[in-house]
Amino acid sequence: MATPKIEVALKNCCPTIGEGPHWDAATQTLLYVDINSGGLHRWNPDTGIEEKINLDGTVGFAVPCDRGGYVVGLNKTISHVDWDTKTVTTLAEVEQDKESRFNDAKCDASGRLWAGTMGRESTPGVVPKGQGSLYSFSTDHKIVKHVGNIDISNGIDWTDDNTVMYYIDSVPREVYAFDFNLTEGTLSNQRTVVKFEEGTEQTYGLPDGMCIDNEGKLWVACFASSRVHRFDPETGKTLQTLEFPATNITSVCFGGKNLDELYVTCSQWNIPEESKAKQPLAGSIFKVTGLSVKGRAPNNFKG
């Protein structure tokens with residue numbers, strides 16, 4: 001097997017928490033967010049042009065809409081952003097009684113959005129327990145809560161046949177699977193497919209963002225460990241490990257013309273000064289090639 005090549009795609013582009021990479025196949029651009037600065041970024045690898053909008057508050061995710069613009073997790077809202085006019089329209093709001101915010105999200109094959117929340121963190125990876133939930137947001141703008149008592153709602157993806165949804169809650173350090181009904185938009189039969197064992201914090205950290213490849217294997221960004229691990233969800237075993245020159249790896253997605261490039265985001269928020277000097281590339285986006293697998297184009301929001 002060829003040795004994967006890791007390079008810097010965008011250096012120090014995220015001043016706080018780089019997150020939510022999403023390859024927009026229609027425009028061949030990479031979307032990503034910088035959570036605590038409210039940054040919504042769009043980068044074209046062919047031209048090298050990077051554009052951004054700063055929203056008011058935290059932004060956890062951004063997904064293109066079929067009708068144009070982007071659906072974003074802004075604070076506790078699901079909102080629509082018109083890139084050209086910078087207009088922000090609130091579509092739904094949750095958890096007005098909690099100190100929480102939206103975090104990771106993806107759309108299923110029907111164009112329905114799945115997005116989760118988490119408690120507010122003052123230290124990276126440390127949150128009040130059980131403040132988060134997982135929601136779906138339908139194309140006709142109905143919001144439904146599916147799972148509660150989540151610590152940090154994170155990575156989401158589906159099998160090719162749309163019968164299984166994978167989902168991460170970072171703090172228990174587990175990757176879950178649900179039986180998934182695409183037509184109804186429902187989850188059932190929650191089980192653990194990857195369990196990060198006690199004592200592996202240094203090499204496995206906290207599971208964060210995730211994507212699936214064309215062999216049905218999971219690529220999981222592992223916060224606080226400098227690594228992305230590839231797992232077999234059938235056995236829970238680690239198949240491959242990539243190590244990066246930044247500690248707090250946050251998320252992953254496949255992109256590029258052939259969807260065979262893995263883009264990896266990371267955070268430089270609240271890194272102690274002595275640690276920051278050792279990782280000058282924190283807050284960058286990395287690109288990995290030569291993995292011998294590819295992903296698939298993610299789904300737009302159809303609402």
# chains A, B, ... in the order shown; residues from 1 in each chain; ligands from 1
$ select_by_dssp --residues "segment 48-234 of chain A" --states "strand (DSSP E or B)" --output "ChimeraX atom specification"
/A:50-54,59-65,70-74,77-81,88-93,100-107,113-119,123,126,132-137,143-150,152-158,164-169,174-181,186-195,206-212,218-223,227-231
$ closest_atom_pairs --of "segment 57-168 of chain A" --to "segment 239-251 of chain A" --cutoff "10 Å" --atoms "only C-alpha atoms" --output "Markdown table"
| residue | atom | partner | partner_atom | distance |
| --- | --- | --- | --- | --- |
| A:Asp104 | CA | A:Ser251 | CA | 9.2 |
| A:Pro124 | CA | A:Asn248 | CA | 8.7 |
| A:Gly125 | CA | A:Asn248 | CA | 9.5 |
| A:Asn154 | CA | A:Ser251 | CA | 9.1 |
| A:Gly155 | CA | A:Ser251 | CA | 7.8 |
$ write_last_selection --atoms "N, CA and C atoms" --output "compact mmCIF listing (two decimals), in the first residue's frame"
# COMPACT_ATOMS: atom_id res chain seq x y z
N ASP A 104 -21.89 19.60 15.13
CA ASP A 104 -21.73 18.96 13.82
C ASP A 104 -23.07 18.63 13.17
N PRO A 124 -11.26 23.29 26.01
CA PRO A 124 -11.50 22.38 24.90
C PRO A 124 -11.82 20.96 25.36
N GLY A 125 -12.97 20.43 24.90
CA GLY A 125 -13.36 19.06 25.20
C GLY A 125 -14.02 18.86 26.55
N ASN A 154 -21.42 14.87 17.78
CA ASN A 154 -20.37 15.03 16.78
C ASN A 154 -20.64 14.24 15.52
N GLY A 155 -19.59 13.55 14.99
CA GLY A 155 -19.64 12.99 13.64
C GLY A 155 -20.87 12.18 13.29
$ residues_around --residues "Leu281 of chain A" --least-positions-apart "5" --cutoff "9 Å" --atoms "only C-alpha atoms" --output "list in words"
Val8, Lys11, Asn12, Pro245, Ala246, Gln268 and Lys276 of chain A
$ write_last_selection --atoms "all heavy atoms" --output "PDB file, in the first residue's frame"
ATOM      1  N   VAL A   8      -0.125  20.653   4.007  1.00  0.00           N
ATOM      2  CA  VAL A   8      -0.962  21.756   4.482  1.00  0.00           C
ATOM      3  C   VAL A   8      -1.711  22.348   3.297  1.00  0.00           C
ATOM      4  O   VAL A   8      -1.096  22.803   2.327  1.00  0.00           O
ATOM      5  CB  VAL A   8      -0.115  22.843   5.170  1.00  0.00           C
ATOM      6  CG1 VAL A   8      -0.994  24.010   5.612  1.00  0.00           C
ATOM      7  CG2 VAL A   8       0.630  22.258   6.363  1.00  0.00           C
ATOM      8  N   LYS A  11      -2.884  27.264   5.591  1.00  0.00           N
ATOM      9  CA  LYS A  11      -2.120  27.429   6.822  1.00  0.00           C
ATOM     10  C   LYS A  11      -2.795  28.429   7.763  1.00  0.00           C
ATOM     11  O   LYS A  11      -3.119  29.550   7.360  1.00  0.00           O
ATOM     12  CB  LYS A  11      -0.699  27.895   6.488  1.00  0.00           C
ATOM     13  CG  LYS A  11       0.213  27.963   7.702  1.00  0.00           C
ATOM     14  CD  LYS A  11       1.621  28.367   7.297  1.00  0.00           C
ATOM     15  CE  LYS A  11       2.519  28.481   8.519  1.00  0.00           C
ATOM     16  NZ  LYS A  11       3.884  28.900   8.154  1.00  0.00           N
ATOM     17  N   ASN A  12      -3.008  28.007   9.008  1.00  0.00           N
ATOM     18  CA  ASN A  12      -3.509  28.892  10.086  1.00  0.00           C
ATOM     19  C   ASN A  12      -4.742  29.684   9.672  1.00  0.00           C
ATOM     20  O   ASN A  12      -4.897  30.845  10.033  1.00  0.00           O
ATOM     21  CB  ASN A  12      -2.406  29.861  10.529  1.00  0.00           C
ATOM     22  CG  ASN A  12      -1.136  29.162  10.968  1.00  0.00           C
ATOM     23  OD1 ASN A  12      -0.056  29.517  10.545  1.00  0.00           O
ATOM     24  ND2 ASN A  12      -1.252  28.144  11.802  1.00  0.00           N
ATOM     25  N   PRO A 245       0.664  17.314  12.575  1.00  0.00           N
ATOM     26  CA  PRO A 245       1.451  18.225  13.413  1.00  0.00           C
ATOM     27  C   PRO A 245       0.578  19.243  14.161  1.00  0.00           C
ATOM     28  O   PRO A 245       0.888  20.428  14.226  1.00  0.00           O
ATOM     29  CB  PRO A 245       2.377  18.904  12.402  1.00  0.00           C
ATOM     30  CG  PRO A 245       1.596  18.915  11.133  1.00  0.00           C
ATOM     31  CD  PRO A 245       0.763  17.666  11.134  1.00  0.00           C
ATOM     32  N   ALA A 246      -0.520  18.779  14.697  1.00  0.00           N
ATOM     33  CA  ALA A 246      -1.422  19.606  15.504  1.00  0.00           C
ATOM     34  C   ALA A 246      -2.160  18.660  16.443  1.00  0.00           C
ATOM     35  O   ALA A 246      -2.515  17.539  16.051  1.00  0.00           O
ATOM     36  CB  ALA A 246      -2.411  20.364  14.624  1.00  0.00           C
ATOM     37  N   GLN A 268      -6.978  25.666  17.234  1.00  0.00           N
ATOM     38  CA  GLN A 268      -5.900  26.257  18.030  1.00  0.00           C
ATOM     39  C   GLN A 268      -6.465  27.042  19.219  1.00  0.00           C
ATOM     40  O   GLN A 268      -5.751  27.765  19.897  1.00  0.00           O
ATOM     41  CB  GLN A 268      -5.008  27.158  17.178  1.00  0.00           C
ATOM     42  CG  GLN A 268      -5.689  28.343  16.507  1.00  0.00           C
ATOM     43  CD  GLN A 268      -4.673  29.250  15.833  1.00  0.00           C
ATOM     44  OE1 GLN A 268      -3.631  29.566  16.409  1.00  0.00           O
ATOM     45  NE2 GLN A 268      -4.959  29.655  14.601  1.00  0.00           N
ATOM     46  N   LYS A 276       1.488  25.702  22.180  1.00  0.00           N
ATOM     47  CA  LYS A 276       1.264  26.352  20.890  1.00  0.00           C
ATOM     48  C   LYS A 276       2.568  26.491  20.101  1.00  0.00           C
ATOM     49  O   LYS A 276       2.603  26.324  18.885  1.00  0.00           O
ATOM     50  CB  LYS A 276       0.633  27.726  21.129  1.00  0.00           C
ATOM     51  CG  LYS A 276      -0.081  28.299  19.931  1.00  0.00           C
ATOM     52  CD  LYS A 276      -0.840  29.559  20.277  1.00  0.00           C
ATOM     53  CE  LYS A 276      -2.314  29.304  20.386  1.00  0.00           C
ATOM     54  NZ  LYS A 276      -3.125  30.519  20.508  1.00  0.00           N
TER      55      LYS A 276
END
$ select_by_dssp --residues "segment 162-286 of chain A" --states "helix (DSSP H, G or I)" --output "list in words"
Glu201, Gln202, Thr203, Tyr204, Glu273, Glu274, Ser275 and Lys276 of chain A
$ residues_around --residues "Trp114 of chain A" --least-positions-apart "5" --cutoff "7 Å" --atoms "only C-alpha atoms" --output "list in words"
Ala105, Lys106, Cys107, Tyr135, Ser136 and Phe137 of chain A
$ atom_distance --atom1 "atom CA of Val88 of chain A" --atom2 "atom CA of Leu55 of chain A"
8.4 Å
$ decode --residues "segment 264-278 of chain A" --atoms "all heavy atoms" --output "short mmCIF file (atom, residue, chain, number, x, y, z; two decimals), in the first residue's frame"
data_model
loop_
_atom_site.label_atom_id
_atom_site.label_comp_id
_atom_site.auth_asym_id
_atom_site.auth_seq_id
_atom_site.Cartn_x
_atom_site.Cartn_y
_atom_site.Cartn_z
N VAL A 264 -8.72 17.63 6.49
CA VAL A 264 -8.70 17.47 7.94
C VAL A 264 -8.59 18.84 8.60
O VAL A 264 -7.68 19.61 8.30
CB VAL A 264 -7.51 16.58 8.37
CG1 VAL A 264 -7.48 16.42 9.88
CG2 VAL A 264 -7.58 15.22 7.69
N THR A 265 -9.53 19.14 9.50
CA THR A 265 -9.52 20.42 10.21
C THR A 265 -8.98 20.24 11.62
O THR A 265 -8.99 19.14 12.17
CB THR A 265 -10.94 21.02 10.29
OG1 THR A 265 -11.83 20.04 10.84
CG2 THR A 265 -11.45 21.46 8.94
N CYS A 266 -8.53 21.34 12.22
CA CYS A 266 -8.04 21.29 13.60
C CYS A 266 -8.25 22.63 14.28
O CYS A 266 -8.63 23.63 13.66
CB CYS A 266 -6.58 20.86 13.65
SG CYS A 266 -5.42 22.01 12.91
N SER A 267 -8.00 22.64 15.58
CA SER A 267 -8.29 23.79 16.43
C SER A 267 -7.00 24.34 17.03
O SER A 267 -6.07 23.60 17.33
CB SER A 267 -9.24 23.36 17.55
OG SER A 267 -9.36 24.38 18.52
N GLN A 268 -6.98 25.67 17.23
CA GLN A 268 -5.90 26.26 18.03
C GLN A 268 -6.46 27.04 19.22
O GLN A 268 -5.75 27.76 19.90
CB GLN A 268 -5.01 27.16 17.18
CG GLN A 268 -5.69 28.34 16.51
CD GLN A 268 -4.67 29.25 15.83
OE1 GLN A 268 -3.63 29.57 16.41
NE2 GLN A 268 -4.96 29.66 14.60
N TRP A 269 -7.75 26.83 19.49
CA TRP A 269 -8.41 27.57 20.57
C TRP A 269 -7.95 27.09 21.95
O TRP A 269 -7.95 25.90 22.23
CB TRP A 269 -9.93 27.40 20.43
CG TRP A 269 -10.73 28.04 21.52
CD1 TRP A 269 -10.80 29.38 21.80
CD2 TRP A 269 -11.58 27.38 22.45
NE1 TRP A 269 -11.64 29.58 22.86
CE2 TRP A 269 -12.13 28.38 23.29
CE3 TRP A 269 -11.93 26.05 22.67
CZ2 TRP A 269 -13.03 28.07 24.32
CZ3 TRP A 269 -12.81 25.75 23.69
CH2 TRP A 269 -13.34 26.76 24.50
N ASN A 270 -7.56 28.05 22.77
CA ASN A 270 -7.19 27.78 24.16
C ASN A 270 -6.08 26.74 24.32
O ASN A 270 -6.03 26.04 25.33
CB ASN A 270 -8.41 27.34 24.98
CG ASN A 270 -9.14 28.54 25.58
OD1 ASN A 270 -8.85 29.69 25.24
ND2 ASN A 270 -10.08 28.29 26.46
N ILE A 271 -5.18 26.66 23.35
CA ILE A 271 -4.00 25.82 23.53
C ILE A 271 -3.02 26.59 24.41
O ILE A 271 -2.75 27.77 24.15
CB ILE A 271 -3.34 25.49 22.17
CG1 ILE A 271 -4.28 24.67 21.29
CG2 ILE A 271 -2.03 24.72 22.38
CD1 ILE A 271 -3.75 24.45 19.89
N PRO A 272 -2.48 25.97 25.45
CA PRO A 272 -1.50 26.68 26.29
C PRO A 272 -0.33 27.17 25.47
O PRO A 272 0.08 26.54 24.49
CB PRO A 272 -1.05 25.59 27.29
CG PRO A 272 -2.11 24.55 27.26
CD PRO A 272 -2.73 24.59 25.90
N GLU A 273 0.20 28.34 25.85
CA GLU A 273 1.25 28.98 25.06
C GLU A 273 2.45 28.06 24.82
O GLU A 273 3.00 28.00 23.73
CB GLU A 273 1.72 30.27 25.75
CG GLU A 273 0.77 31.44 25.57
CD GLU A 273 0.41 31.73 24.11
OE1 GLU A 273 1.31 31.74 23.26
OE2 GLU A 273 -0.79 31.94 23.82
N GLU A 274 2.84 27.31 25.87
CA GLU A 274 4.02 26.45 25.69
C GLU A 274 3.74 25.33 24.69
O GLU A 274 4.63 24.89 23.96
CB GLU A 274 4.48 25.86 27.04
CG GLU A 274 3.48 24.93 27.72
CD GLU A 274 2.44 25.65 28.58
OE1 GLU A 274 2.31 26.90 28.47
OE2 GLU A 274 1.77 24.96 29.37
N SER A 275 2.49 24.90 24.62
CA SER A 275 2.11 23.87 23.65
C SER A 275 1.97 24.46 22.25
O SER A 275 2.31 23.82 21.26
CB SER A 275 0.80 23.22 24.09
OG SER A 275 0.36 22.30 23.15
N LYS A 276 1.49 25.70 22.18
CA LYS A 276 1.26 26.35 20.89
C LYS A 276 2.57 26.49 20.10
O LYS A 276 2.60 26.32 18.88
CB LYS A 276 0.63 27.73 21.13
CG LYS A 276 -0.08 28.30 19.93
CD LYS A 276 -0.84 29.56 20.28
CE LYS A 276 -2.31 29.30 20.39
NZ LYS A 276 -3.13 30.52 20.51
N ALA A 277 3.66 26.77 20.83
CA ALA A 277 4.96 26.93 20.16
C ALA A 277 5.40 25.64 19.46
O ALA A 277 6.13 25.67 18.47
CB ALA A 277 6.01 27.35 21.17
N LYS A 278 4.93 24.50 19.97
CA LYS A 278 5.33 23.21 19.41
C LYS A 278 4.44 22.79 18.24
O LYS A 278 4.72 21.79 17.57
CB LYS A 278 5.26 22.12 20.49
CG LYS A 278 6.24 22.33 21.63
CD LYS A 278 6.01 21.28 22.70
CE LYS A 278 6.86 21.60 23.93
NZ LYS A 278 6.38 20.88 25.12
#
